[in-house]
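Structure file structure34.cif (mmCIF, C-alpha atoms) follows.
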```
data_data
#
loop_
_atom_site.label_atom_id
_atom_site.label_comp_id
_atom_site.auth_asym_id
_atom_site.auth_seq_id
_atom_site.Cartn_x
_atom_site.Cartn_y
_atom_site.Cartn_z
CA TYR U 1272 211.95 120.05 108.78
CA TRP U 1273 214.21 122.25 110.83
CA ARG U 1274 216.24 125.36 110.11
CA ALA U 1275 220.01 124.92 109.94
CA PHE U 1276 222.82 127.45 109.53
CA ALA U 1277 220.16 130.16 109.42
CA PRO U 1278 222.26 133.12 110.65
CA LEU U 1279 224.73 132.75 107.76
CA TYR U 1280 222.99 130.98 104.94
CA ASP U 1281 219.21 130.97 105.50
CA VAL U 1282 218.97 127.30 104.50
CA PHE U 1283 216.31 124.85 105.55
CA ALA U 1284 217.64 121.32 106.01
CA VAL U 1285 215.03 118.65 105.31
CA ILE U 1286 214.97 114.85 105.62
CA GLN U 1287 212.63 114.31 102.66
CA LYS U 1288 212.84 114.58 98.88
CA GLY U 1289 210.11 114.07 96.30
CA THR U 1290 207.50 116.79 96.26
CA PHE U 1291 208.48 118.21 99.63
CA PRO U 1292 210.94 120.85 98.30
CA ASP U 1293 208.23 122.02 95.87
CA GLU U 1294 205.78 122.33 98.74
CA LEU U 1295 208.33 124.43 100.62
CA LYS U 1296 208.75 126.72 97.63
CA ALA U 1297 204.99 127.14 97.46
CA ILE U 1298 205.05 128.74 100.92
CA GLY U 1299 208.06 130.92 100.14
CA VAL U 1300 211.01 128.73 101.17
CA GLU U 1301 213.35 128.89 98.18
CA ASN U 1302 216.53 127.43 99.67
CA SER U 1303 216.26 123.90 101.09
CA LEU U 1304 218.82 121.13 101.39
CA TYR U 1305 218.22 117.40 101.67
CA LEU U 1306 220.13 116.25 104.74
CA PRO U 1307 219.46 112.67 105.89
CA MET U 1308 219.80 111.59 109.50
CA ALA U 1309 223.07 110.04 110.71
CA ALA U 1310 224.87 108.61 113.73
CA ASP U 1311 227.66 109.64 116.08
CA PRO U 1312 230.15 106.72 116.06
CA ASP U 1313 231.84 108.01 119.22
CA PHE U 1314 228.55 107.37 121.02
CA HIS U 1315 226.68 104.82 118.89
CA LYS U 1316 229.20 102.00 118.93
CA PRO U 1317 229.67 98.34 119.86
CA LEU U 1318 229.87 97.75 123.61
CA GLU U 1319 231.26 95.01 125.79
CA LEU U 1320 228.33 94.52 128.15
CA SER U 1321 228.52 93.05 131.61
CA SER U 1322 226.42 90.02 132.49
CA VAL U 1323 224.20 92.30 134.55
CA ASP U 1324 223.61 94.62 131.60
CA ARG U 1325 222.92 91.70 129.28
CA HIS U 1326 220.34 90.37 131.69
CA GLN U 1327 218.74 93.78 132.19
CA TYR U 1328 218.78 95.06 128.62
CA GLY U 1329 219.08 91.91 126.53
CA GLY U 1330 216.47 89.96 124.63
CA ASP U 1331 215.76 87.92 121.52
CA VAL U 1332 213.57 90.57 119.92
CA SER U 1333 213.75 94.12 121.24
CA PHE U 1334 212.31 97.51 120.46
CA MET U 1335 213.30 100.86 121.94
CA GLY U 1336 211.01 103.79 121.22
CA ALA U 1337 207.63 105.42 121.75
CA GLY U 1338 204.29 103.65 121.52
CA TYR U 1339 202.86 105.09 118.32
CA PRO U 1340 199.54 103.60 117.19
CA ASN U 1341 200.99 101.54 114.34
CA ARG U 1342 203.66 100.08 116.63
CA ARG U 1343 201.09 99.08 119.24
CA LYS U 1344 199.08 97.26 116.59
CA ALA U 1345 202.19 95.62 115.13
CA PHE U 1346 203.79 94.46 118.36
CA ARG U 1347 200.62 92.77 119.59
CA GLN U 1348 201.34 90.28 116.82
CA LEU U 1349 204.91 89.61 117.99
CA THR U 1350 204.48 88.57 121.60
CA ASP U 1351 205.43 84.94 120.87
CA PHE U 1352 208.98 85.89 119.90
CA GLY U 1353 210.44 86.88 123.27
CA LEU U 1354 209.54 90.52 122.71
CA LYS U 1355 210.87 93.25 125.00
CA ILE U 1356 209.76 96.86 124.65
CA PHE U 1357 211.77 99.75 126.09
CA GLY U 1358 210.61 103.35 126.19
CA SER U 1359 207.60 105.47 127.04
CA ASP U 1360 204.03 106.09 125.86
CA TRP U 1361 202.98 102.43 126.02
CA ASP U 1362 200.51 102.93 128.86
CA GLN U 1363 196.87 101.82 128.68
CA ASP U 1364 197.68 98.86 126.43
CA SER U 1365 196.85 95.72 128.37
CA ALA U 1366 197.99 93.44 125.55
CA LEU U 1367 201.56 94.80 125.70
CA GLU U 1368 201.81 95.79 129.37
CA SER U 1369 203.78 92.71 130.45
CA TYR U 1370 206.31 93.19 127.63
CA VAL U 1371 207.14 96.82 128.46
CA GLN U 1372 210.34 97.05 130.51
CA PHE U 1373 211.16 99.37 133.44
CA GLY U 1374 207.52 100.31 133.93
CA GLY U 1375 207.46 102.21 130.65
CA ARG U 1376 209.82 104.96 131.80
CA ARG U 1377 211.94 106.93 129.37
CA VAL U 1378 215.39 105.40 128.95
CA SER U 1379 218.55 107.46 128.76
CA SER U 1380 220.69 107.75 125.64
CA GLU U 1381 223.35 105.61 127.31
CA GLU U 1382 220.79 102.93 128.10
CA THR U 1383 219.58 103.03 124.50
CA VAL U 1384 223.02 102.03 123.23
CA LYS U 1385 223.08 99.15 125.72
CA ILE U 1386 219.64 98.01 124.54
CA PHE U 1387 220.80 98.10 120.93
CA ASN U 1388 223.91 96.07 121.76
CA ALA U 1389 222.14 93.52 123.93
CA ALA U 1390 219.41 92.40 121.51
CA LYS U 1391 219.69 89.59 119.01
CA ILE U 1392 217.13 91.36 116.80
CA ASN U 1393 216.40 95.07 117.06
CA LEU U 1394 213.01 95.93 115.60
CA ASN U 1395 212.96 99.21 113.71
CA LEU U 1396 209.41 100.12 112.69
CA HIS U 1397 209.02 103.73 111.57
CA SER U 1398 206.36 105.58 113.48
CA SER U 1399 202.91 106.49 112.21
CA ALA U 1400 200.05 108.27 113.93
CA GLN U 1401 197.64 106.08 111.94
CA ALA U 1402 197.06 102.54 113.17
CA GLN U 1403 195.35 101.18 110.08
CA ASP U 1404 198.67 100.95 108.17
CA THR U 1405 200.79 98.93 110.56
CA VAL U 1406 203.78 99.06 108.21
CA ALA U 1407 203.12 102.51 106.76
CA PRO U 1408 204.66 103.70 103.49
CA GLY U 1409 207.10 106.56 103.76
CA ASP U 1410 210.23 108.17 102.39
CA PHE U 1411 212.62 109.42 105.08
CA VAL U 1412 214.86 107.05 107.06
CA ASN U 1413 214.76 107.53 110.83
CA PRO U 1414 217.83 108.13 113.03
CA ARG U 1415 217.40 104.71 114.68
CA THR U 1416 218.42 103.04 111.40
CA PHE U 1417 221.80 104.76 111.40
CA GLU U 1418 222.34 104.43 115.15
CA LEU U 1419 221.67 100.69 115.20
CA ALA U 1420 223.99 100.24 112.25
CA ALA U 1421 226.73 102.29 113.91
CA CYS U 1422 226.44 100.07 116.99
CA GLY U 1423 227.21 97.05 114.83
CA THR U 1424 223.92 95.42 115.79
CA PHE U 1425 221.33 93.60 113.72
CA GLN U 1426 218.01 95.23 112.86
CA LEU U 1427 214.86 94.35 110.98
CA VAL U 1428 213.62 97.61 109.48
CA ASP U 1429 210.62 98.49 107.34
CA THR U 1430 211.73 99.59 103.90
CA ARG U 1431 211.57 103.26 102.91
CA GLU U 1432 211.66 105.04 99.56
CA LEU U 1433 214.97 106.79 100.30
CA MET U 1434 216.66 103.74 101.82
CA PRO U 1435 218.25 102.28 98.63
CA GLU U 1436 220.49 105.33 98.17
CA LEU U 1437 221.68 105.06 101.78
CA PHE U 1438 222.17 101.30 102.25
CA ASP U 1439 222.61 98.30 99.95
CA GLU U 1440 220.38 95.24 100.14
CA ASP U 1441 223.06 93.16 101.91
CA GLN U 1442 223.53 95.86 104.57
CA LEU U 1443 219.98 96.03 105.97
CA ALA U 1444 217.35 93.30 106.35
CA THR U 1445 214.07 94.96 105.41
CA PHE U 1446 210.39 94.03 105.46
CA THR U 1447 207.29 95.48 103.82
CA SER U 1448 204.49 93.81 105.80
CA MET U 1449 203.77 92.18 109.14
CA GLU U 1450 203.48 88.78 107.46
CA GLU U 1451 206.99 89.18 106.07
CA LEU U 1452 208.33 90.36 109.42
CA LYS U 1453 206.83 87.39 111.27
CA ASP U 1454 208.47 85.02 108.79
CA MET U 1455 211.85 86.76 109.10
CA ILE U 1456 212.15 86.76 112.89
CA PRO U 1457 212.58 82.97 113.36
CA LYS U 1458 214.93 82.83 110.37
CA TYR U 1459 217.29 85.42 111.78
CA LEU U 1460 217.04 84.26 115.38
CA ALA U 1461 218.34 80.89 114.20
CA ASP U 1462 221.25 82.30 112.16
CA GLU U 1463 223.73 84.32 114.19
CA GLY U 1464 226.22 84.37 111.32
CA LEU U 1465 223.70 86.02 108.99
CA ARG U 1466 222.81 88.58 111.64
CA ASP U 1467 226.48 89.39 112.15
CA SER U 1468 227.04 89.78 108.41
CA TYR U 1469 224.30 92.39 108.09
CA ALA U 1470 225.45 94.16 111.25
CA GLN U 1471 229.07 94.39 110.14
CA LYS U 1472 228.22 95.63 106.65
CA SER U 1473 225.74 98.24 107.86
CA ARG U 1474 228.27 99.53 110.40
CA GLU U 1475 230.93 99.82 107.70
CA ARG U 1476 228.51 101.82 105.52
CA VAL U 1477 227.68 104.24 108.33
CA LEU U 1478 231.31 104.78 109.23
CA ALA U 1479 232.12 105.43 105.56
CA GLN U 1480 229.20 107.73 104.67
CA HIS U 1481 226.61 108.36 107.36
CA THR U 1482 228.13 110.09 110.37
CA TYR U 1483 227.28 113.65 111.40
CA VAL U 1484 230.77 114.66 110.27
CA HIS U 1485 229.88 113.47 106.78
CA ARG U 1486 226.62 115.39 106.91
CA MET U 1487 228.26 118.65 107.92
#
```

Structure translated into structure tokens:
Amino acid sequence: YWRAFAPLYDVFAVIQKGTFPDELKAIGVENSLYLPMAADPDFHKPLELSSVDRHQYGGDVSFMGAGYPNRRKAFRQLTDFGLKIFGSDWDQDSALESYVQFGGRRVSSEETVKIFNAAKINLNLHSSAQAQDTVAPGDFVNPRTFELAACGTFQLVDTRELMPELFDEDQLATFTSMEELKDMIPKYLADEGLRDSYAQKSRERVLAQHTYVHRM
């Protein structure tokens, strides 16, 4: 969690519910506020990409983010789907080395929006430091979920406990296991109209309820 508005209100803003507020109280934090992540629609938005950008950043199945252990284990199973990986901390993984773009350097925020816009399918697998649970259970919804939606792009995202109160079932395509994900990728690659439907509805939901202006 992080501290927000501390000088005036002494409030801790947290991205989790459940037992977490009780655990905070147990260590003396009485005033906490559930504040989910969000997107900035002035920055996270649909882009008209040049042919050069589409070639450089585009792909059938794309992921932008750090190489957490569960992601490394998961993505080794997806190399037959035209996988491209952008971001850092993927070194010393020979199985994924040829799929990591730009030599594994960190990409800028502006490049991230291009990557999101250029992919047919954006993978969104929440991070876990434990590799044994490839699709790990969890509650909070990461910022990537909102940012991809705000860009009007399609994502396959692992389901989270707090997701149903943020998005409807027809707004996000979710998976609960690697077997389910591997079945979904060919289905959605073959159906541009279905991808566009999810992307449009998720963007509308973010613009209506999940920007940082709404959060404040």

I need the residue set behind the PyMOL selection byres ((chain U and resi 1331) around 8) for this file; please write it as a compact mmCIF listing (two decimals) with C-alpha atoms, in the frame of the given file.
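Heads up, here's the output in out_3.txt:
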```
# COMPACT_ATOMS: atom_id res chain seq x y z
CA GLY U 1329 219.08 91.91 126.53
CA GLY U 1330 216.47 89.96 124.63
CA VAL U 1332 213.57 90.57 119.92
CA SER U 1333 213.75 94.12 121.24
CA PHE U 1352 208.98 85.89 119.90
CA GLY U 1353 210.44 86.88 123.27
CA LEU U 1354 209.54 90.52 122.71
CA ALA U 1390 219.41 92.40 121.51
CA LYS U 1391 219.69 89.59 119.01
CA ILE U 1392 217.13 91.36 116.80
CA LEU U 1460 217.04 84.26 115.38
```

When distances are computed from only C-alpha atoms, which of U:Asp1362, U:Asp1429, U:Asp1441, U:Glu1319 shows the smallest separation from Asp1467 of chain U?
-> U:Asp1441

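Distances to Lys1344 of chain U were evaluated for U:Asp1462, U:Asp1364, U:Asp1293, U:Asp1281 using all atoms listed in the file, and the minimum falls at U:Asp1364.
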
Sphere at (206.2, 104.2, 125.6), radius 6 Å, counting all atoms listed in the file: residues as a list in words | Ala1337, Gly1338, Gly1358, Ser1359, Asp1360, Trp1361 and Gly1375 of chain U

The distance between atom CA of Phe1411 of chain U and atom CA of Thr1430 of chain U is 9.9 Å

Write out as a ChimeraX atom specification each polymer residue whose atoms come within 8 Å of Ile1356 of chain U, counting all atoms listed in the file; drop sequence neighbours fewer than 4 positions from it.
-> /U:1333-1336,1370-1372

Residues selected by the PyMOL selection byres ((chain U and resi 1455) around 12), written as a ChimeraX atom specification = /U:1332,1349,1352,1392,1394,1426-1429,1444-1454,1456-1462,1465-1466

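Between atom CA of Tyr1328 of chain U and atom CA of Ala1310 of chain U the interatomic distance comes to 21.0 Å.
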